[in-house]
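Asker: Next comes the structure file final-v8.txt, holding compact mmCIF, C-alpha atoms.
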```txt
# COMPACT_ATOMS: atom_id res chain seq x y z
CA MET A 30 -3.41 -40.22 10.57
CA VAL A 31 -1.02 -37.91 12.44
CA ARG A 32 -2.80 -35.13 14.34
CA ARG A 33 -1.31 -31.72 13.72
CA THR A 34 -0.76 -29.10 16.38
CA LYS A 35 -2.29 -25.64 16.08
CA GLU A 36 1.19 -24.25 15.48
CA GLU A 37 1.81 -26.66 12.59
CA ALA A 38 -1.59 -25.90 11.08
CA GLU A 39 -0.93 -22.16 11.28
CA ALA A 40 2.52 -22.62 9.75
CA THR A 41 0.93 -24.47 6.82
CA ARG A 42 -1.73 -21.79 6.41
CA GLN A 43 0.92 -19.06 6.43
CA ALA A 44 3.04 -20.94 3.88
CA LEU A 45 0.03 -21.14 1.58
CA LEU A 46 -0.70 -17.42 1.99
CA ASP A 47 2.92 -16.48 1.34
CA ARG A 48 3.13 -18.62 -1.78
CA ALA A 49 -0.24 -17.37 -3.01
CA LEU A 50 0.93 -13.77 -2.70
CA GLU A 51 4.05 -14.46 -4.75
CA LEU A 52 2.18 -16.34 -7.49
CA PHE A 53 -0.85 -14.06 -7.65
CA SER A 54 1.27 -10.90 -7.80
CA ARG A 55 3.46 -12.29 -10.57
CA GLN A 56 0.89 -14.08 -12.74
CA GLY A 57 -2.46 -12.60 -11.72
CA PRO A 58 -5.10 -14.42 -9.65
CA GLU A 59 -6.98 -15.73 -12.68
CA ALA A 60 -3.88 -17.54 -13.98
CA VAL A 61 -3.08 -19.41 -10.75
CA THR A 62 -4.87 -22.49 -9.40
CA LEU A 63 -5.17 -23.60 -5.80
CA LYS A 64 -3.52 -26.86 -6.77
CA GLN A 65 -0.48 -24.94 -8.08
CA ILE A 66 -0.20 -22.92 -4.87
CA ALA A 67 -0.38 -26.06 -2.73
CA ALA A 68 2.25 -27.83 -4.81
CA GLU A 69 4.68 -24.91 -4.67
CA ALA A 70 4.09 -24.53 -0.92
CA GLY A 71 4.97 -28.20 -0.48
CA VAL A 72 1.61 -29.32 0.91
CA THR A 73 -1.22 -31.50 -0.36
CA HIS A 74 -4.18 -30.20 -2.32
CA GLY A 75 -6.37 -31.35 0.55
CA ALA A 76 -4.42 -29.17 2.99
CA MET A 77 -5.32 -26.16 0.87
CA TYR A 78 -9.04 -26.87 1.20
CA TRP A 79 -8.64 -27.47 4.92
CA HIS A 80 -7.64 -23.82 5.32
CA PHE A 81 -9.49 -22.11 2.43
CA ARG A 82 -12.90 -22.92 0.95
CA ASN A 83 -12.00 -21.65 -2.52
CA LYS A 84 -9.87 -19.06 -4.29
CA SER A 85 -12.15 -16.19 -3.25
CA ASP A 86 -11.76 -17.18 0.40
CA LEU A 87 -7.98 -17.37 -0.05
CA LEU A 88 -7.86 -13.91 -1.66
CA LEU A 89 -10.06 -12.47 1.08
CA GLN A 90 -7.89 -13.87 3.88
CA LEU A 91 -4.74 -12.79 2.06
CA TYR A 92 -6.02 -9.23 1.69
CA GLN A 93 -7.01 -9.08 5.36
CA GLN A 94 -3.48 -10.09 6.33
CA CYS A 95 -1.59 -7.90 3.86
CA GLU A 96 -0.84 -4.43 5.19
CA LEU A 97 0.83 -1.62 3.30
CA PRO A 98 2.86 0.98 5.28
CA PHE A 99 0.60 4.03 4.76
CA GLU A 100 -1.30 3.88 8.06
CA ARG A 101 1.78 3.20 10.18
CA HIS A 102 3.72 6.18 8.82
CA TYR A 103 0.64 8.37 9.06
CA LEU A 104 0.29 7.59 12.77
CA GLU A 105 4.00 8.18 13.30
CA GLN A 106 3.73 11.71 11.88
CA ARG A 107 0.47 12.83 13.55
CA GLN A 108 2.31 14.38 16.50
CA ALA A 109 4.89 16.13 14.34
CA VAL A 110 2.15 17.81 12.31
CA GLN A 111 1.49 20.28 15.13
CA GLN A 112 4.96 21.82 14.76
CA ASP A 113 5.47 21.51 11.00
CA ALA A 114 2.66 20.10 8.88
CA LEU A 115 4.58 20.11 5.58
CA GLY A 116 7.60 18.56 7.27
CA ALA A 117 5.36 15.81 8.67
CA LEU A 118 3.84 15.31 5.21
CA TYR A 119 7.30 14.98 3.67
CA HIS A 120 8.38 12.35 6.20
CA TYR A 121 5.08 10.50 5.78
CA LEU A 122 5.59 10.31 2.03
CA LEU A 123 9.27 9.43 2.26
CA GLY A 124 8.77 6.77 4.93
CA THR A 125 5.81 5.17 3.18
CA LEU A 126 7.33 5.10 -0.30
CA SER A 127 10.81 4.03 0.87
CA GLU A 128 9.37 1.07 2.74
CA LEU A 129 6.92 0.07 0.02
CA LEU A 130 9.45 0.32 -2.82
CA GLY A 131 12.26 -1.23 -0.79
CA LYS A 132 10.57 -4.41 0.38
CA PRO A 133 9.65 -7.17 -2.11
CA ARG A 134 6.67 -8.34 -0.05
CA MET A 135 5.24 -4.82 0.05
CA LEU A 136 5.64 -4.50 -3.71
CA ASN A 137 3.91 -7.86 -4.20
CA ILE A 138 0.97 -6.72 -2.08
CA TYR A 139 0.66 -3.50 -4.03
CA ARG A 140 1.14 -5.24 -7.39
CA LEU A 141 -1.62 -7.75 -6.62
CA PHE A 142 -4.28 -5.48 -5.16
CA HIS A 143 -3.53 -2.04 -6.61
CA TYR A 144 -1.22 -2.02 -9.63
CA GLY A 145 -3.10 -1.19 -12.82
CA ARG A 146 -6.02 -0.68 -10.45
CA ALA A 147 -6.19 -4.47 -10.12
CA ARG A 148 -8.65 -5.24 -12.91
CA SER A 149 -8.70 -9.01 -12.32
CA PRO A 150 -12.30 -10.31 -12.05
CA GLU A 151 -11.05 -12.56 -9.26
CA LEU A 152 -10.71 -9.43 -7.09
CA GLU A 153 -14.31 -8.28 -7.54
CA ILE A 154 -15.17 -9.42 -4.02
CA LEU A 155 -12.58 -6.95 -2.71
CA ARG A 156 -13.47 -4.01 -4.95
CA GLU A 157 -15.16 -1.93 -2.25
CA ALA A 158 -12.50 -2.70 0.37
CA ILE A 159 -9.69 -1.73 -2.00
CA ALA A 160 -11.48 1.50 -2.97
CA ALA A 161 -11.93 2.34 0.72
CA GLU A 162 -8.24 1.67 1.35
CA ILE A 163 -7.20 4.08 -1.39
CA GLU A 164 -9.61 6.68 -0.03
CA SER A 165 -7.97 6.33 3.39
CA TRP A 166 -4.62 7.26 1.79
CA ARG A 167 -6.22 10.39 0.35
CA ASN A 168 -7.70 11.25 3.75
CA GLN A 169 -4.26 10.95 5.34
CA LEU A 170 -2.82 13.37 2.80
CA TYR A 171 -5.75 15.72 3.37
CA PHE A 172 -5.07 15.74 7.12
CA PHE A 173 -1.51 16.98 6.59
CA LEU A 174 -2.52 19.52 3.95
CA LYS A 175 -5.38 20.89 6.03
CA GLN A 176 -3.01 21.45 8.94
CA ALA A 177 -0.47 23.04 6.59
CA ARG A 178 -3.10 25.50 5.44
CA LYS A 179 -3.95 26.39 9.04
CA GLN A 180 -0.25 27.02 9.62
CA LYS A 181 -0.17 29.19 6.46
CA GLN A 182 2.48 26.95 4.92
CA ILE A 183 0.72 26.51 1.60
CA ARG A 184 -0.64 29.06 -0.85
CA LYS A 185 -4.15 30.31 -0.04
CA LYS A 186 -5.47 29.50 -3.49
CA LEU A 187 -4.65 25.82 -3.09
CA ASP A 188 -7.60 23.69 -1.95
CA PRO A 189 -6.46 20.89 0.43
CA GLU A 190 -9.21 18.65 -0.95
CA LEU A 191 -7.95 18.91 -4.53
CA LEU A 192 -4.34 18.92 -3.38
CA SER A 193 -4.80 15.62 -1.58
CA LEU A 194 -6.16 14.06 -4.77
CA SER A 195 -3.30 15.52 -6.81
CA LEU A 196 -0.69 14.29 -4.35
CA LEU A 197 -2.30 10.85 -4.18
CA THR A 198 -2.13 10.66 -7.98
CA ALA A 199 1.56 11.58 -7.87
CA MET A 200 2.30 9.04 -5.15
CA ILE A 201 0.52 6.24 -7.00
CA GLY A 202 2.33 7.28 -10.17
CA ILE A 203 5.70 6.92 -8.47
CA ILE A 204 4.85 3.40 -7.31
CA ASP A 205 3.41 2.36 -10.67
CA LEU A 206 6.42 3.67 -12.58
CA TRP A 207 8.73 1.82 -10.20
CA ILE A 208 6.89 -1.47 -10.78
CA ALA A 209 6.77 -0.93 -14.54
CA GLY A 210 10.51 -0.24 -14.77
CA THR A 211 13.62 -1.94 -13.45
CA ASP A 212 14.62 -1.50 -9.82
CA SER A 213 17.51 0.90 -9.48
CA PRO A 214 19.30 2.07 -6.31
CA THR A 215 19.83 5.48 -7.89
CA ARG A 216 16.08 5.92 -8.28
CA MET A 217 15.62 5.22 -4.58
CA GLU A 218 18.32 7.77 -3.81
CA GLN A 219 16.44 10.33 -5.91
CA LEU A 220 13.22 9.87 -3.94
CA PRO A 221 13.98 12.53 -1.25
CA ALA A 222 14.76 15.14 -3.92
CA LEU A 223 11.61 14.24 -5.86
CA LEU A 224 9.43 14.59 -2.78
CA THR A 225 11.15 17.82 -1.79
CA MET A 226 10.21 19.27 -5.17
CA GLN A 227 6.59 18.24 -4.58
CA ILE A 228 6.50 19.90 -1.16
CA GLU A 229 8.31 23.05 -2.28
CA GLY A 230 5.72 23.53 -5.00
CA LEU A 231 3.00 23.80 -2.36
CA LYS A 232 4.62 26.39 -0.14
CA ALA A 233 3.27 29.87 0.31
CA VAL A 234 5.43 32.67 -1.11
CA LYS A 235 6.99 34.69 1.69
CA PRO A 236 6.55 38.49 1.60
CA GLY A 237 9.39 40.30 -0.13
CA LEU A 238 10.40 37.40 -2.37
CA LEU A 239 8.45 38.59 -5.44
```
In structure tokens, what does this structure look like?
Answerer:
Amino acid sequence: MVRRTKEEAEATRQALLDRALELFSRQGPEAVTLKQIAAEAGVTHGAMYWHFRNKSDLLLQLYQQCELPFERHYLEQRQAVQQDALGALYHYLLGTLSELLGKPRMLNIYRLFHYGRARSPELEILREAIAAEIESWRNQLYFFLKQARKQKQIRKKLDPELLSLSLLTAMIGIIDLWIAGTDSPTRMEQLPALLTMQIEGLKAVKPGLL
């Protein structure tokens, strides 16, 4: 038996994870077997069980590896929020959605773990982690909105807590509608205008404009 190097073993593991993501996101975890994933990844069934105990273990390791762009764009805009909170919020939304909608792997991650709120019973082991992830997105939105209120950029009557939930709902709606429809470059081009409308609707009315 030929001994495999750590690099070869990791390459096999990554190939299995990549293929699992593609198949799970397209067919749903309950419709895909480990044997099918191994075959399409070009490895033996035994190699699958060398790296993953079962499907739940595979899904858990896949989720731990899969990262959506929310946190990265949030961190990128934390400094800018001090000068212009709503501007930072706009760039956070635009950067996050442009990357997620523009990259097939990102869409596969979202489709598997979040689209349709991921009702597959196979994902039950991840239910709390997924809920916590979504809550972190809302907290990021709340951070920008809270700073915008301090800077008197949004109307006083608007509660940042409720606003963050409303904006999260709109953001998720944009992603879900994109997945449900057909990809279109024109829709991507319309994203800045759509987000501008969202931000403009939050702004405080300046004295003398009424």
Asker: CA of Ile66 (chain A) to CA of Gly131 (chain A): how many Å, to one decimal?
Answerer: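 Between CA of Ile66 (chain A) and CA of Gly131 (chain A) the gap is 25.3 Å.
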Asker: Using CA of Met77 (chain A) and CA of Phe142 (chain A) as the two end points, give the distance in Å to one decimal.
Answerer: 21.6 Å
Asker: Give the answer as one residue: which of A:Leu89, A:Leu196, A:Leu46, A:Ala158 has the shortest atom-to-atom distance to Ala70 (chain A), using all atoms listed in the file?
Answerer: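 Counting all atoms listed in the file, the residue closest to Ala70 (chain A) is A:Leu46.
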Asker: For a quick check of your reading of the model, name the residues lying within 9 Å of the coordinate (-7.0, -21.9, -5.2), counting only C-alpha atoms, and write them as a PyMOL selection string.
Answerer: chain A and resi 49+58+61-67+77-78+81-88
Asker: My list of candidates is A:Ile154, A:Ala44, A:Ile204, A:Leu52. Which is closest to Tyr139 (chain A) when distances are computed with all atoms listed in the file?
Answerer: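 Between A:Ile154, A:Ala44, A:Ile204, A:Leu52, the residue approaching Tyr139 (chain A) most closely is A:Ile204.
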Asker: To one decimal in Å, tell me the separation between CA of Leu115 (chain A) and CA of Arg216 (chain A).
Answerer: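 Computing it gives 22.9 Å between the two atoms.
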Asker: Taking (1.8, 10.1, 6.4) as a centre in this file's frame and 10 Å as the limit, can you find every polymer residue with an atom that close, using only C-alpha atoms, and give them as a list in words?
Answerer: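 The distance filter leaves exactly Pro98, Phe99, Glu100, Arg101, His102, Tyr103, Leu104, Glu105, Gln106, Arg107, Val110, Ala117, Leu118, Tyr119, His120, Tyr121, Leu122, Leu123, Gly124, Thr125, Trp166, Asn168, Gln169, Leu170, Tyr171, Phe172 and Phe173 of chain A.
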Asker: List the neighbours of Lys179 (chain A) out to 12 Å using all atoms listed in the file; skip same-chain residues closer than 4 positions along the sequence, and give me the result as a ChimeraX atom specification.
Answerer: /A:110-115,172-175,183-185,188-189,233
Asker: If you keep C-alpha atoms, can you produce a file of those selected residues as a PDB file, keeping the file's coordinate frame?
Answerer:
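That gives us selection21.pdb:
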```
ATOM      1  CA  VAL A 110       2.150  17.810  12.310  1.00  0.00           C
ATOM      2  CA  GLN A 111       1.490  20.280  15.130  1.00  0.00           C
ATOM      3  CA  GLN A 112       4.960  21.820  14.760  1.00  0.00           C
ATOM      4  CA  ASP A 113       5.470  21.510  11.000  1.00  0.00           C
ATOM      5  CA  ALA A 114       2.660  20.100   8.880  1.00  0.00           C
ATOM      6  CA  LEU A 115       4.580  20.110   5.580  1.00  0.00           C
ATOM      7  CA  PHE A 172      -5.070  15.740   7.120  1.00  0.00           C
ATOM      8  CA  PHE A 173      -1.510  16.980   6.590  1.00  0.00           C
ATOM      9  CA  LEU A 174      -2.520  19.520   3.950  1.00  0.00           C
ATOM     10  CA  LYS A 175      -5.380  20.890   6.030  1.00  0.00           C
ATOM     11  CA  ILE A 183       0.720  26.510   1.600  1.00  0.00           C
ATOM     12  CA  ARG A 184      -0.640  29.060  -0.850  1.00  0.00           C
ATOM     13  CA  LYS A 185      -4.150  30.310  -0.040  1.00  0.00           C
ATOM     14  CA  ASP A 188      -7.600  23.690  -1.950  1.00  0.00           C
ATOM     15  CA  PRO A 189      -6.460  20.890   0.430  1.00  0.00           C
ATOM     16  CA  ALA A 233       3.270  29.870   0.310  1.00  0.00           C
TER      17      ALA A 233
END
```
Asker: Write out as a PDB file with C-alpha atoms, keeping the file's coordinate frame which residues come within 12 Å of Glu96 (chain A) when counting all atoms listed in the file, dropping same-chain ones fewer than 6 positions away.
Answerer:
```pdb
ATOM      1  CA  GLN A  90      -7.890 -13.870   3.880  1.00  0.00           C
ATOM      2  CA  THR A 125       5.810   5.170   3.180  1.00  0.00           C
ATOM      3  CA  GLU A 128       9.370   1.070   2.740  1.00  0.00           C
ATOM      4  CA  LEU A 129       6.920   0.070   0.020  1.00  0.00           C
ATOM      5  CA  ARG A 134       6.670  -8.340  -0.050  1.00  0.00           C
ATOM      6  CA  MET A 135       5.240  -4.820   0.050  1.00  0.00           C
ATOM      7  CA  LEU A 136       5.640  -4.500  -3.710  1.00  0.00           C
ATOM      8  CA  ASN A 137       3.910  -7.860  -4.200  1.00  0.00           C
ATOM      9  CA  ILE A 138       0.970  -6.720  -2.080  1.00  0.00           C
ATOM     10  CA  TYR A 139       0.660  -3.500  -4.030  1.00  0.00           C
ATOM     11  CA  PHE A 142      -4.280  -5.480  -5.160  1.00  0.00           C
ATOM     12  CA  ILE A 159      -9.690  -1.730  -2.000  1.00  0.00           C
ATOM     13  CA  GLU A 162      -8.240   1.670   1.350  1.00  0.00           C
TER      14      GLU A 162
END
```
Asker: Nearest to Ala60 (chain A) among A:Gln182, A:Ser195, A:Ser149, A:Ser127, with distances taken over only C-alpha atoms: which residue is it?
Answerer: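 Smallest separation from Ala60 (chain A) among the options: A:Ser149.
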Asker: Just add N, CA and C atoms to region 141-163 of chain A and send it as a PDB file, in the frame of the given file.
Answerer:
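Ended up saving to part.pdb:
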```pdb
ATOM      1  N   LEU A 141      -0.439  -6.890  -6.551  1.00  0.00           N
ATOM      2  CA  LEU A 141      -1.620  -7.750  -6.620  1.00  0.00           C
ATOM      3  C   LEU A 141      -2.915  -6.959  -6.490  1.00  0.00           C
ATOM      4  N   PHE A 142      -2.996  -6.105  -5.479  1.00  0.00           N
ATOM      5  CA  PHE A 142      -4.280  -5.480  -5.160  1.00  0.00           C
ATOM      6  C   PHE A 142      -4.475  -4.078  -5.732  1.00  0.00           C
ATOM      7  N   HIS A 143      -3.397  -3.425  -6.195  1.00  0.00           N
ATOM      8  CA  HIS A 143      -3.530  -2.040  -6.610  1.00  0.00           C
ATOM      9  C   HIS A 143      -2.938  -1.712  -7.986  1.00  0.00           C
ATOM     10  N   TYR A 144      -1.901  -2.392  -8.397  1.00  0.00           N
ATOM     11  CA  TYR A 144      -1.220  -2.020  -9.630  1.00  0.00           C
ATOM     12  C   TYR A 144      -2.152  -2.186 -10.832  1.00  0.00           C
ATOM     13  N   GLY A 145      -2.182  -1.155 -11.686  1.00  0.00           N
ATOM     14  CA  GLY A 145      -3.100  -1.190 -12.820  1.00  0.00           C
ATOM     15  C   GLY A 145      -4.539  -1.169 -12.363  1.00  0.00           C
ATOM     16  N   ARG A 146      -4.726  -0.705 -11.121  1.00  0.00           N
ATOM     17  CA  ARG A 146      -6.020  -0.680 -10.450  1.00  0.00           C
ATOM     18  C   ARG A 146      -6.649  -2.056 -10.377  1.00  0.00           C
ATOM     19  N   ALA A 147      -5.798  -3.088 -10.412  1.00  0.00           N
ATOM     20  CA  ALA A 147      -6.190  -4.470 -10.120  1.00  0.00           C
ATOM     21  C   ALA A 147      -7.499  -4.854 -10.815  1.00  0.00           C
ATOM     22  N   ARG A 148      -7.446  -4.978 -12.123  1.00  0.00           N
ATOM     23  CA  ARG A 148      -8.650  -5.240 -12.910  1.00  0.00           C
ATOM     24  C   ARG A 148      -9.091  -6.709 -12.907  1.00  0.00           C
ATOM     25  N   SER A 149      -8.366  -7.592 -12.283  1.00  0.00           N
ATOM     26  CA  SER A 149      -8.700  -9.010 -12.320  1.00  0.00           C
ATOM     27  C   SER A 149     -10.114  -9.252 -11.799  1.00  0.00           C
ATOM     28  N   PRO A 150     -10.948  -9.991 -12.539  1.00  0.00           N
ATOM     29  CA  PRO A 150     -12.300 -10.310 -12.050  1.00  0.00           C
ATOM     30  C   PRO A 150     -12.286 -11.108 -10.761  1.00  0.00           C
ATOM     31  N   GLU A 151     -11.172 -11.779 -10.499  1.00  0.00           N
ATOM     32  CA  GLU A 151     -11.050 -12.560  -9.260  1.00  0.00           C
ATOM     33  C   GLU A 151     -11.072 -11.651  -8.025  1.00  0.00           C
ATOM     34  N   LEU A 152     -10.771 -10.366  -8.208  1.00  0.00           N
ATOM     35  CA  LEU A 152     -10.710  -9.430  -7.090  1.00  0.00           C
ATOM     36  C   LEU A 152     -12.009  -8.654  -6.889  1.00  0.00           C
ATOM     37  N   GLU A 153     -13.036  -9.010  -7.635  1.00  0.00           N
ATOM     38  CA  GLU A 153     -14.310  -8.280  -7.540  1.00  0.00           C
ATOM     39  C   GLU A 153     -14.856  -8.272  -6.126  1.00  0.00           C
ATOM     40  N   ILE A 154     -14.661  -9.346  -5.393  1.00  0.00           N
ATOM     41  CA  ILE A 154     -15.170  -9.420  -4.020  1.00  0.00           C
ATOM     42  C   ILE A 154     -14.491  -8.408  -3.098  1.00  0.00           C
ATOM     43  N   LEU A 155     -13.339  -7.894  -3.529  1.00  0.00           N
ATOM     44  CA  LEU A 155     -12.580  -6.950  -2.710  1.00  0.00           C
ATOM     45  C   LEU A 155     -12.663  -5.518  -3.240  1.00  0.00           C
ATOM     46  N   ARG A 156     -13.454  -5.307  -4.280  1.00  0.00           N
ATOM     47  CA  ARG A 156     -13.470  -4.010  -4.950  1.00  0.00           C
ATOM     48  C   ARG A 156     -13.765  -2.865  -3.977  1.00  0.00           C
ATOM     49  N   GLU A 157     -14.785  -3.007  -3.166  1.00  0.00           N
ATOM     50  CA  GLU A 157     -15.160  -1.930  -2.250  1.00  0.00           C
ATOM     51  C   GLU A 157     -14.094  -1.719  -1.172  1.00  0.00           C
ATOM     52  N   ALA A 158     -13.536  -2.808  -0.666  1.00  0.00           N
ATOM     53  CA  ALA A 158     -12.500  -2.700   0.370  1.00  0.00           C
ATOM     54  C   ALA A 158     -11.259  -2.017  -0.167  1.00  0.00           C
ATOM     55  N   ILE A 159     -10.873  -2.348  -1.393  1.00  0.00           N
ATOM     56  CA  ILE A 159      -9.690  -1.730  -2.000  1.00  0.00           C
ATOM     57  C   ILE A 159      -9.939  -0.250  -2.259  1.00  0.00           C
ATOM     58  N   ALA A 160     -11.138   0.090  -2.738  1.00  0.00           N
ATOM     59  CA  ALA A 160     -11.480   1.500  -2.970  1.00  0.00           C
ATOM     60  C   ALA A 160     -11.442   2.280  -1.658  1.00  0.00           C
ATOM     61  N   ALA A 161     -11.941   1.673  -0.589  1.00  0.00           N
ATOM     62  CA  ALA A 161     -11.930   2.340   0.720  1.00  0.00           C
ATOM     63  C   ALA A 161     -10.509   2.523   1.226  1.00  0.00           C
ATOM     64  N   GLU A 162      -9.646   1.563   0.930  1.00  0.00           N
ATOM     65  CA  GLU A 162      -8.240   1.670   1.350  1.00  0.00           C
ATOM     66  C   GLU A 162      -7.567   2.842   0.645  1.00  0.00           C
ATOM     67  N   ILE A 163      -7.783   2.970  -0.642  1.00  0.00           N
ATOM     68  CA  ILE A 163      -7.200   4.080  -1.390  1.00  0.00           C
ATOM     69  C   ILE A 163      -7.735   5.420  -0.880  1.00  0.00           C
TER      70      ILE A 163
END
```
